[in-house]
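Printed here is entry-v1.csv (CSV, N, CA and C atoms):
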chain,number,residue,atom,x,y,z
G,635,MET,N,226.0,107.0,99.2
G,635,MET,CA,226.1,106.3,100.5
G,635,MET,C,226.2,104.8,100.2
G,636,LYS,N,227.2,104.2,100.9
G,636,LYS,CA,227.3,102.8,100.9
G,636,LYS,C,227.1,102.2,102.3
G,637,LYS,N,226.6,101.0,102.3
G,637,LYS,CA,226.4,100.3,103.6
G,637,LYS,C,227.6,99.4,103.9
G,638,ILE,N,228.2,99.5,105.1
G,638,ILE,CA,229.3,98.7,105.5
G,638,ILE,C,229.0,98.0,106.8
G,639,ASN,N,229.6,96.8,107.0
G,639,ASN,CA,229.5,96.1,108.2
G,639,ASN,C,230.7,96.4,109.1
G,640,LEU,N,230.4,97.0,110.3
G,640,LEU,CA,231.5,97.4,111.2
G,640,LEU,C,232.3,96.2,111.7
G,641,ARG,N,231.6,95.1,111.8
G,641,ARG,CA,232.3,93.9,112.3
G,641,ARG,C,233.4,93.5,111.5
G,642,GLU,N,233.4,93.8,110.2
G,642,GLU,CA,234.4,93.4,109.3
G,642,GLU,C,235.7,94.3,109.4
G,643,HIS,N,235.5,95.5,110.0
G,643,HIS,CA,236.6,96.4,110.1
G,643,HIS,C,237.1,96.6,111.5
G,644,TYR,N,236.3,96.3,112.5
G,644,TYR,CA,236.7,96.6,113.9
G,644,TYR,C,236.5,95.3,114.7
G,645,PRO,N,237.6,94.8,115.3
G,645,PRO,CA,237.5,93.4,115.9
G,645,PRO,C,236.7,93.4,117.2
G,646,PHE,N,236.4,94.6,117.8
G,646,PHE,CA,235.7,94.5,119.1
G,646,PHE,C,234.2,94.4,118.9
G,647,TYR,N,233.7,94.5,117.6
G,647,TYR,CA,232.3,94.2,117.4
G,647,TYR,C,232.0,92.7,117.3
G,648,SER,N,231.1,92.2,118.1
G,648,SER,CA,230.9,90.8,118.2
G,648,SER,C,229.7,90.3,117.3
G,649,GLU,N,228.9,91.3,116.8
G,649,GLU,CA,227.8,91.0,116.0
G,649,GLU,C,227.8,92.0,114.8
G,650,ASP,N,227.0,91.7,113.8
G,650,ASP,CA,226.9,92.5,112.6
G,650,ASP,C,226.3,93.9,113.0
G,651,VAL,N,226.9,95.0,112.5
G,651,VAL,CA,226.4,96.3,112.7
G,651,VAL,C,226.5,97.0,111.3
G,652,PHE,N,225.5,97.3,110.7
G,652,PHE,CA,225.5,97.9,109.4
G,652,PHE,C,225.2,99.4,109.5
G,653,ILE,N,226.0,100.2,108.8
G,653,ILE,CA,225.8,101.7,108.8
G,653,ILE,C,226.0,102.2,107.4
G,654,ASP,N,225.5,103.3,107.2
G,654,ASP,CA,225.7,104.0,105.9
G,654,ASP,C,226.8,105.0,106.0
G,655,VAL,N,227.8,105.0,105.1
G,655,VAL,CA,228.9,105.9,105.2
G,655,VAL,C,229.0,106.5,103.8
G,656,PRO,N,229.7,107.7,103.7
G,656,PRO,CA,229.9,108.3,102.4
G,656,PRO,C,230.8,107.4,101.5
G,657,ASP,N,230.6,107.5,100.2
G,657,ASP,CA,231.3,106.7,99.3
G,657,ASP,C,232.9,106.7,99.5
G,658,GLU,N,233.4,107.9,99.8
G,658,GLU,CA,234.8,108.1,99.9
G,658,GLU,C,235.4,107.2,101.1
G,659,ILE,N,234.6,107.2,102.2
G,659,ILE,CA,235.1,106.5,103.4
G,659,ILE,C,235.0,105.0,103.1
G,660,ALA,N,233.9,104.5,102.4
G,660,ALA,CA,233.8,103.1,102.1
G,660,ALA,C,234.9,102.7,101.2
G,661,ASP,N,235.2,103.5,100.2
G,661,ASP,CA,236.3,103.2,99.2
G,661,ASP,C,237.7,103.2,99.9
G,662,THR,N,237.9,104.1,100.8
G,662,THR,CA,239.1,104.1,101.6
G,662,THR,C,239.3,102.8,102.4
G,663,LEU,N,238.2,102.4,103.1
G,663,LEU,CA,238.3,101.2,103.9
G,663,LEU,C,238.5,100.0,103.1
G,664,PHE,N,237.9,99.9,101.9
G,664,PHE,CA,238.1,98.7,101.1
G,664,PHE,C,239.5,98.7,100.4
G,665,GLU,N,240.0,99.9,100.1
G,665,GLU,CA,241.4,100.0,99.6
G,665,GLU,C,242.4,99.6,100.6
G,666,ALA,N,242.2,100.0,101.9
G,666,ALA,CA,243.1,99.7,102.9
G,666,ALA,C,243.1,98.1,103.2
G,667,GLU,N,241.9,97.6,103.1
G,667,GLU,CA,241.8,96.1,103.3
G,667,GLU,C,242.5,95.4,102.1
G,668,ARG,N,242.3,95.9,100.9
G,668,ARG,CA,243.0,95.3,99.7
G,668,ARG,C,244.5,95.3,99.9
G,669,GLN,N,245.0,96.5,100.3
G,669,GLN,CA,246.5,96.7,100.5
G,669,GLN,C,247.0,95.7,101.5
G,670,GLU,N,246.2,95.6,102.6
G,670,GLU,CA,246.7,94.7,103.7
G,670,GLU,C,246.7,93.2,103.2
G,671,ARG,N,245.8,92.8,102.4
G,671,ARG,CA,245.8,91.4,101.8
G,671,ARG,C,247.0,91.3,100.9
G,672,THR,N,247.2,92.3,100.1
G,672,THR,CA,248.4,92.2,99.2
G,672,THR,C,249.7,92.1,99.9
G,673,TYR,N,249.8,92.9,101.0
G,673,TYR,CA,251.0,92.9,101.8
G,673,TYR,C,251.2,91.5,102.4
G,674,ARG,N,250.2,90.9,103.0
G,674,ARG,CA,250.3,89.6,103.6
G,674,ARG,C,250.7,88.5,102.5
G,675,ARG,N,250.1,88.6,101.4
G,675,ARG,CA,250.4,87.7,100.3
G,675,ARG,C,251.8,87.8,99.9
G,676,ARG,N,252.3,89.0,99.7
G,676,ARG,CA,253.7,89.3,99.4
G,676,ARG,C,254.7,88.7,100.4
G,677,MET,N,254.3,89.0,101.7
G,677,MET,CA,255.2,88.5,102.8
G,677,MET,C,255.3,86.9,102.7
G,678,TYR,N,254.1,86.3,102.5
G,678,TYR,CA,254.1,84.8,102.4
G,678,TYR,C,254.9,84.3,101.2
G,679,ARG,N,254.7,85.0,100.0
G,679,ARG,CA,255.3,84.5,98.8
G,679,ARG,C,256.8,84.6,98.9
G,680,TYR,N,257.3,85.7,99.4
G,680,TYR,CA,258.8,85.9,99.5
G,680,TYR,C,259.4,85.4,100.8
G,681,LYS,N,258.6,84.8,101.6
G,681,LYS,CA,259.1,84.2,102.9
G,681,LYS,C,259.8,85.3,103.7
G,682,ALA,N,259.2,86.4,103.8
G,682,ALA,CA,259.7,87.6,104.5
G,682,ALA,C,259.2,87.7,105.9
G,683,GLU,N,258.9,86.5,106.5
G,683,GLU,CA,258.4,86.5,107.9
G,683,GLU,C,259.6,86.4,108.8
G,684,TYR,N,259.8,87.3,109.7
G,684,TYR,CA,260.9,87.4,110.6
G,684,TYR,C,260.5,86.9,112.0
G,685,SER,N,261.4,86.2,112.6
G,685,SER,CA,261.1,85.7,114.0
G,685,SER,C,262.4,86.0,114.8
G,686,LEU,N,262.2,86.4,116.0
G,686,LEU,CA,263.3,86.6,116.9
G,686,LEU,C,264.0,85.3,117.3
G,687,ASP,N,263.3,84.2,117.1
G,687,ASP,CA,263.8,82.9,117.4
G,687,ASP,C,264.6,82.3,116.3
G,688,LYS,N,264.8,83.0,115.2
G,688,LYS,CA,265.4,82.4,114.0
G,688,LYS,C,266.9,82.3,114.1
G,689,ASN,N,267.5,83.0,115.1
G,689,ASN,CA,269.0,83.0,115.3
G,689,ASN,C,269.8,83.6,114.2
G,690,ASP,N,269.2,84.6,113.5
G,690,ASP,CA,269.9,85.2,112.4
G,690,ASP,C,270.6,86.6,112.9
G,691,GLY,N,270.6,86.8,114.1
G,691,GLY,CA,271.3,88.0,114.6
G,691,GLY,C,270.4,89.2,114.9
G,692,ILE,N,269.1,89.2,114.5
G,692,ILE,CA,268.3,90.3,114.6
G,692,ILE,C,268.0,90.6,116.1
G,693,GLU,N,267.8,89.5,116.9
G,693,GLU,CA,267.5,89.7,118.3
G,693,GLU,C,268.8,90.3,119.0
G,694,HIS,N,269.9,89.8,118.7
G,694,HIS,CA,271.2,90.3,119.3
G,694,HIS,C,271.4,91.7,119.0
G,695,ASP,N,271.1,92.1,117.7
G,695,ASP,CA,271.3,93.5,117.3
G,695,ASP,C,270.3,94.5,118.1
G,696,ILE,N,269.1,94.0,118.3
G,696,ILE,CA,268.1,94.8,119.0
G,696,ILE,C,268.5,94.9,120.5
G,697,LEU,N,268.9,93.8,121.1
G,697,LEU,CA,269.2,93.8,122.5
G,697,LEU,C,270.5,94.4,122.9
G,698,PHE,N,271.5,94.3,122.0
G,698,PHE,CA,272.9,94.7,122.4
G,698,PHE,C,273.1,96.1,122.0
G,699,VAL,N,273.4,97.0,122.9
G,699,VAL,CA,273.6,98.3,122.6
G,699,VAL,C,275.1,98.5,122.9
G,700,SER,N,275.8,98.9,121.9
G,700,SER,CA,277.3,99.1,122.0
G,700,SER,C,277.5,100.5,122.6
G,701,PHE,N,278.4,100.5,123.6
G,701,PHE,CA,278.8,101.8,124.2
G,701,PHE,C,280.1,102.3,123.7
G,702,SER,N,280.2,103.6,123.7
G,702,SER,CA,281.4,104.3,123.3
G,702,SER,C,282.5,104.1,124.4
G,703,PRO,N,283.7,104.3,124.0
G,703,PRO,CA,284.8,104.1,125.1
G,703,PRO,C,284.6,105.1,126.3
G,704,CYS,N,284.1,106.3,126.0
G,704,CYS,CA,283.8,107.2,127.0
G,704,CYS,C,282.7,106.7,128.0
G,705,GLU,N,281.6,106.1,127.4
G,705,GLU,CA,280.6,105.6,128.2
G,705,GLU,C,281.0,104.4,129.1
G,706,ILE,N,281.9,103.6,128.5
G,706,ILE,CA,282.4,102.4,129.2
G,706,ILE,C,283.3,102.9,130.4
G,707,TYR,N,284.1,103.9,130.2
G,707,TYR,CA,284.9,104.5,131.2
G,707,TYR,C,284.1,105.1,132.3
G,708,GLU,N,283.1,105.9,131.9
G,708,GLU,CA,282.2,106.5,132.9
G,708,GLU,C,281.5,105.5,133.8
G,709,ARG,N,281.0,104.4,133.2
G,709,ARG,CA,280.4,103.3,133.9
G,709,ARG,C,281.4,102.7,134.9
G,710,LYS,N,282.6,102.5,134.5
G,710,LYS,CA,283.6,101.8,135.3
G,710,LYS,C,283.9,102.7,136.5
G,711,VAL,N,284.0,104.0,136.3
G,711,VAL,CA,284.3,105.0,137.4
G,711,VAL,C,283.1,105.0,138.3
G,712,THR,N,281.9,105.0,137.8
G,712,THR,CA,280.7,105.1,138.6
G,712,THR,C,280.6,103.9,139.5
G,713,TYR,N,280.8,102.7,138.9
G,713,TYR,CA,280.8,101.4,139.7
G,713,TYR,C,281.9,101.5,140.8
G,714,GLU,N,283.0,102.0,140.5
G,714,GLU,CA,284.1,102.1,141.5
G,714,GLU,C,283.7,103.0,142.6
G,715,GLN,N,283.1,104.1,142.3
G,715,GLN,CA,282.6,105.1,143.3
G,715,GLN,C,281.5,104.5,144.2
G,716,ILE,N,280.6,103.8,143.6
G,716,ILE,CA,279.5,103.2,144.3
G,716,ILE,C,280.1,102.1,145.3
G,717,HIS,N,281.0,101.3,144.8
G,717,HIS,CA,281.6,100.2,145.6
G,717,HIS,C,282.4,100.9,146.8
G,718,ALA,N,283.1,101.9,146.5
G,718,ALA,CA,283.9,102.6,147.5
G,718,ALA,C,282.9,103.2,148.6
G,719,ALA,N,281.8,103.8,148.1
G,719,ALA,CA,280.8,104.3,149.1
G,719,ALA,C,280.2,103.2,149.9
G,720,ILE,N,279.9,102.1,149.3
G,720,ILE,CA,279.4,101.0,150.1
G,720,ILE,C,280.4,100.4,151.1
G,721,ALA,N,281.7,100.4,150.7
G,721,ALA,CA,282.7,99.9,151.6
G,721,ALA,C,283.0,100.9,152.7
G,722,SER,N,282.6,102.1,152.6
G,722,SER,CA,282.8,103.1,153.7
G,722,SER,C,281.7,103.0,154.8
G,723,LEU,N,280.7,102.2,154.5
G,723,LEU,CA,279.6,102.0,155.5
G,723,LEU,C,280.0,101.0,156.5
G,724,PRO,N,279.2,101.0,157.7
G,724,PRO,CA,279.4,99.9,158.7
G,724,PRO,C,279.0,98.6,158.0
G,725,ASP,N,279.6,97.5,158.5
G,725,ASP,CA,279.5,96.2,157.9
G,725,ASP,C,278.0,95.8,157.7
G,726,LYS,N,277.2,95.9,158.7
G,726,LYS,CA,275.8,95.5,158.6
G,726,LYS,C,275.0,96.2,157.5
G,727,GLN,N,275.2,97.5,157.5
G,727,GLN,CA,274.5,98.4,156.5
G,727,GLN,C,275.0,98.0,155.1
G,728,ALA,N,276.3,97.8,154.9
G,728,ALA,CA,276.8,97.4,153.6
G,728,ALA,C,276.3,96.1,153.2
G,729,LYS,N,276.2,95.1,154.1
G,729,LYS,CA,275.7,93.8,153.7
G,729,LYS,C,274.2,93.8,153.3
G,730,ARG,N,273.5,94.6,154.1
G,730,ARG,CA,272.0,94.7,153.8
G,730,ARG,C,271.8,95.4,152.5
G,731,ILE,N,272.5,96.5,152.3
G,731,ILE,CA,272.3,97.2,151.0
G,731,ILE,C,272.7,96.3,149.8
G,732,TYR,N,273.8,95.6,150.0
G,732,TYR,CA,274.3,94.7,148.9
G,732,TYR,C,273.2,93.6,148.7
G,733,ALA,N,272.7,93.0,149.7
G,733,ALA,CA,271.7,92.0,149.6
G,733,ALA,C,270.5,92.4,149.0
G,734,HIS,N,270.0,93.6,149.3
G,734,HIS,CA,268.7,94.2,148.8
G,734,HIS,C,268.9,94.6,147.4
G,735,TYR,N,269.9,95.4,147.1
G,735,TYR,CA,270.0,96.1,145.7
G,735,TYR,C,270.7,95.2,144.7
G,736,PHE,N,271.7,94.5,145.2
G,736,PHE,CA,272.5,93.7,144.2
G,736,PHE,C,272.1,92.3,144.1
G,737,LEU,N,271.7,91.7,145.2
G,737,LEU,CA,271.2,90.3,145.1
G,737,LEU,C,269.7,90.2,144.9
G,738,GLY,N,269.0,91.3,145.1
G,738,GLY,CA,267.5,91.3,144.9
G,738,GLY,C,266.7,90.7,146.0
G,739,MET,N,267.3,90.6,147.2
G,739,MET,CA,266.6,90.0,148.3
G,739,MET,C,265.6,91.0,148.9
G,740,SER,N,264.4,90.5,149.3
G,740,SER,CA,263.5,91.4,150.0
G,740,SER,C,264.0,91.8,151.4
G,741,LYS,N,263.4,92.9,151.9
G,741,LYS,CA,263.8,93.3,153.2
G,741,LYS,C,263.4,92.3,154.3
G,742,ALA,N,262.2,91.7,154.0
G,742,ALA,CA,261.8,90.6,155.0
G,742,ALA,C,262.7,89.4,155.0
G,743,ALA,N,263.2,89.0,153.8
G,743,ALA,CA,264.2,87.9,153.8
G,743,ALA,C,265.5,88.3,154.5
G,744,ILE,N,265.9,89.5,154.3
G,744,ILE,CA,267.2,89.9,155.0
G,744,ILE,C,266.9,89.9,156.5
G,745,ALA,N,265.8,90.4,156.9
G,745,ALA,CA,265.5,90.4,158.3
G,745,ALA,C,265.4,89.0,158.9
G,746,ARG,N,264.9,88.0,158.2
G,746,ARG,CA,264.9,86.7,158.6
G,746,ARG,C,266.3,86.1,158.7
G,747,ALA,N,267.1,86.4,157.7
G,747,ALA,CA,268.5,85.9,157.7
G,747,ALA,C,269.3,86.5,158.9
G,748,ASP,N,269.1,87.8,159.2
G,748,ASP,CA,269.8,88.4,160.3
G,748,ASP,C,269.2,88.2,161.6
G,749,GLY,N,268.0,87.7,161.7
G,749,GLY,CA,267.3,87.4,163.0
G,749,GLY,C,266.8,88.7,163.6
G,750,VAL,N,266.5,89.7,162.8
G,750,VAL,CA,265.9,91.0,163.4
G,750,VAL,C,264.6,91.3,162.7
G,751,GLY,N,264.0,92.4,163.1
G,751,GLY,CA,262.7,92.8,162.5
G,751,GLY,C,262.9,93.5,161.2
G,752,LYS,N,261.8,93.5,160.4
G,752,LYS,CA,261.9,94.1,159.1
G,752,LYS,C,262.1,95.6,159.3
G,753,ALA,N,261.6,96.2,160.3
G,753,ALA,CA,261.7,97.7,160.5
G,753,ALA,C,263.2,98.0,160.7
G,754,ALA,N,263.9,97.1,161.4
G,754,ALA,CA,265.4,97.4,161.7
G,754,ALA,C,266.1,97.3,160.4
G,755,VAL,N,265.8,96.4,159.5
G,755,VAL,CA,266.5,96.3,158.2
G,755,VAL,C,266.1,97.5,157.3
G,756,CYS,N,264.9,98.0,157.3
G,756,CYS,CA,264.5,99.2,156.6
G,756,CYS,C,265.3,100.4,157.0
G,757,GLU,N,265.4,100.5,158.4
G,757,GLU,CA,266.1,101.7,158.9
G,757,GLU,C,267.6,101.6,158.6
G,758,SER,N,268.1,100.4,158.7
G,758,SER,CA,269.5,100.2,158.4
G,758,SER,C,269.8,100.6,156.9
G,759,ILE,N,269.0,100.1,156.0
G,759,ILE,CA,269.1,100.4,154.6
G,759,ILE,C,269.0,101.9,154.3
G,760,ARG,N,268.0,102.5,155.0
G,760,ARG,CA,267.8,104.0,154.8
G,760,ARG,C,269.0,104.8,155.3
G,761,ARG,N,269.5,104.4,156.4
G,761,ARG,CA,270.7,105.1,156.9
G,761,ARG,C,271.9,104.8,156.0
G,762,GLY,N,272.0,103.6,155.5
G,762,GLY,CA,273.1,103.3,154.6
G,762,GLY,C,273.1,104.1,153.3
G,763,LEU,N,271.9,104.3,152.8
G,763,LEU,CA,271.7,105.1,151.6
G,763,LEU,C,272.1,106.6,151.9
G,764,LYS,N,271.7,107.1,153.1
G,764,LYS,CA,272.1,108.4,153.4
G,764,LYS,C,273.6,108.5,153.5
G,765,GLY,N,274.3,107.5,154.1
G,765,GLY,CA,275.7,107.5,154.1
G,765,GLY,C,276.4,107.5,152.8
G,766,ILE,N,275.8,106.7,151.8
G,766,ILE,CA,276.3,106.7,150.5
G,766,ILE,C,276.1,108.0,149.8
G,767,GLU,N,275.0,108.7,150.1
G,767,GLU,CA,274.8,110.0,149.5
G,767,GLU,C,275.8,111.0,150.0
G,768,LYS,N,276.1,111.0,151.3
G,768,LYS,CA,277.1,111.9,151.9
G,768,LYS,C,278.5,111.6,151.3
G,769,PHE,N,278.8,110.3,151.1
G,769,PHE,CA,280.1,110.0,150.6
G,769,PHE,C,280.2,110.5,149.2
G,770,LEU,N,279.2,110.2,148.3
G,770,LEU,CA,279.3,110.7,146.9
G,770,LEU,C,279.3,112.2,146.8
G,771,LYS,N,278.6,112.9,147.7
G,771,LYS,CA,278.6,114.4,147.7
G,771,LYS,C,280.0,114.9,148.0
G,772,ASN,N,280.7,114.2,148.9
G,772,ASN,CA,282.1,114.7,149.2
G,772,ASN,C,283.1,114.4,148.1
G,773,ILE,N,282.8,113.4,147.3
G,773,ILE,CA,283.7,113.2,146.1
G,773,ILE,C,283.6,114.3,145.1
G,774,PHE,N,282.4,114.8,144.9
G,774,PHE,CA,282.1,115.8,143.9
G,774,PHE,C,282.1,117.1,144.6
Could you render the structure as structure tokens?
Amino acid sequence: MKKINLREHYPFYSEDVFIDVPDEIADTLFEAERQERTYRRRMYRYKAEYSLDKNDGIEHDILFVSFSPCEIYERKVTYEQIHAAIASLPDKQAKRIYAHYFLGMSKAAIARADGVGKAAVCESIRRGLKGIEKFLKNIF
């Protein structure tokens, strides 16, 4: 049995706590700590520290997902169908849905801009979404 300090292995211990553990566990903990120090030393020595701010293309490759031609076409068709569905709505409903979902305006802000109550805007958007749903169901 070996005595270890839990504070050295677990960051949430704020004061020293010593316990007895079997030799195998103590050896495993010390070996893992040694390997971690070796890894950090190797990273430093070979300057293998990566940053997304380095402008070497890593960030772009992570964020940019290339779509296949089929996926691009499906997106285009979907956007066209959504815009056709919105265009089929009455003018006020279409404007309110566009303002809320595409421009990111809150329903209260739309209500202030239109000079109506928030409940009227909520109801208008709800009815507009029902209209879009009916339009899209008729397409398919």
field: Residue list (strand (DSSP E or B), DSSP) for chain G, as a VMD selection string
entry: chain G and resid 636 to 639 652 to 655
query: In Å to one decimal, how far is atom CA of Lys771 of chain G from atom C of Lys752 of chain G?
result: 27.6 Å
- prompt: Can you tell me how far atom CA of Tyr735 of chain G sits from atom CA of Asn772 of chain G, in Å to one decimal?
  reply: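 Atom CA of Tyr735 of chain G sits 22.5 Å away from atom CA of Asn772 of chain G.
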task: From the DSSP assignment of the backbone, select every residue of segment 645-754 of chain G that is alpha helix (DSSP H), and format the answer as JSON, numbers by chain.
output: {"G": [657, 658, 659, 660, 661, 662, 663, 664, 665, 666, 667, 668, 669, 670, 671, 672, 673, 674, 675, 676, 677, 678, 679, 692, 693, 694, 695, 696, 697, 703, 704, 705, 706, 707, 708, 709, 710, 711, 712, 713, 714, 715, 716, 717, 718, 719, 720, 721, 725, 726, 727, 728, 729, 730, 731, 741, 742, 743, 744, 745, 746, 747, 748, 752, 753, 754]}
field: Coordinates-based distance that separates atom C of Tyr644 of chain G from atom CA of Arg671 of chain G (Å, one decimal)
entry: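 Computed distance, atom CA of Arg671 of chain G to atom C of Tyr644 of chain G, equals 16.4 Å.
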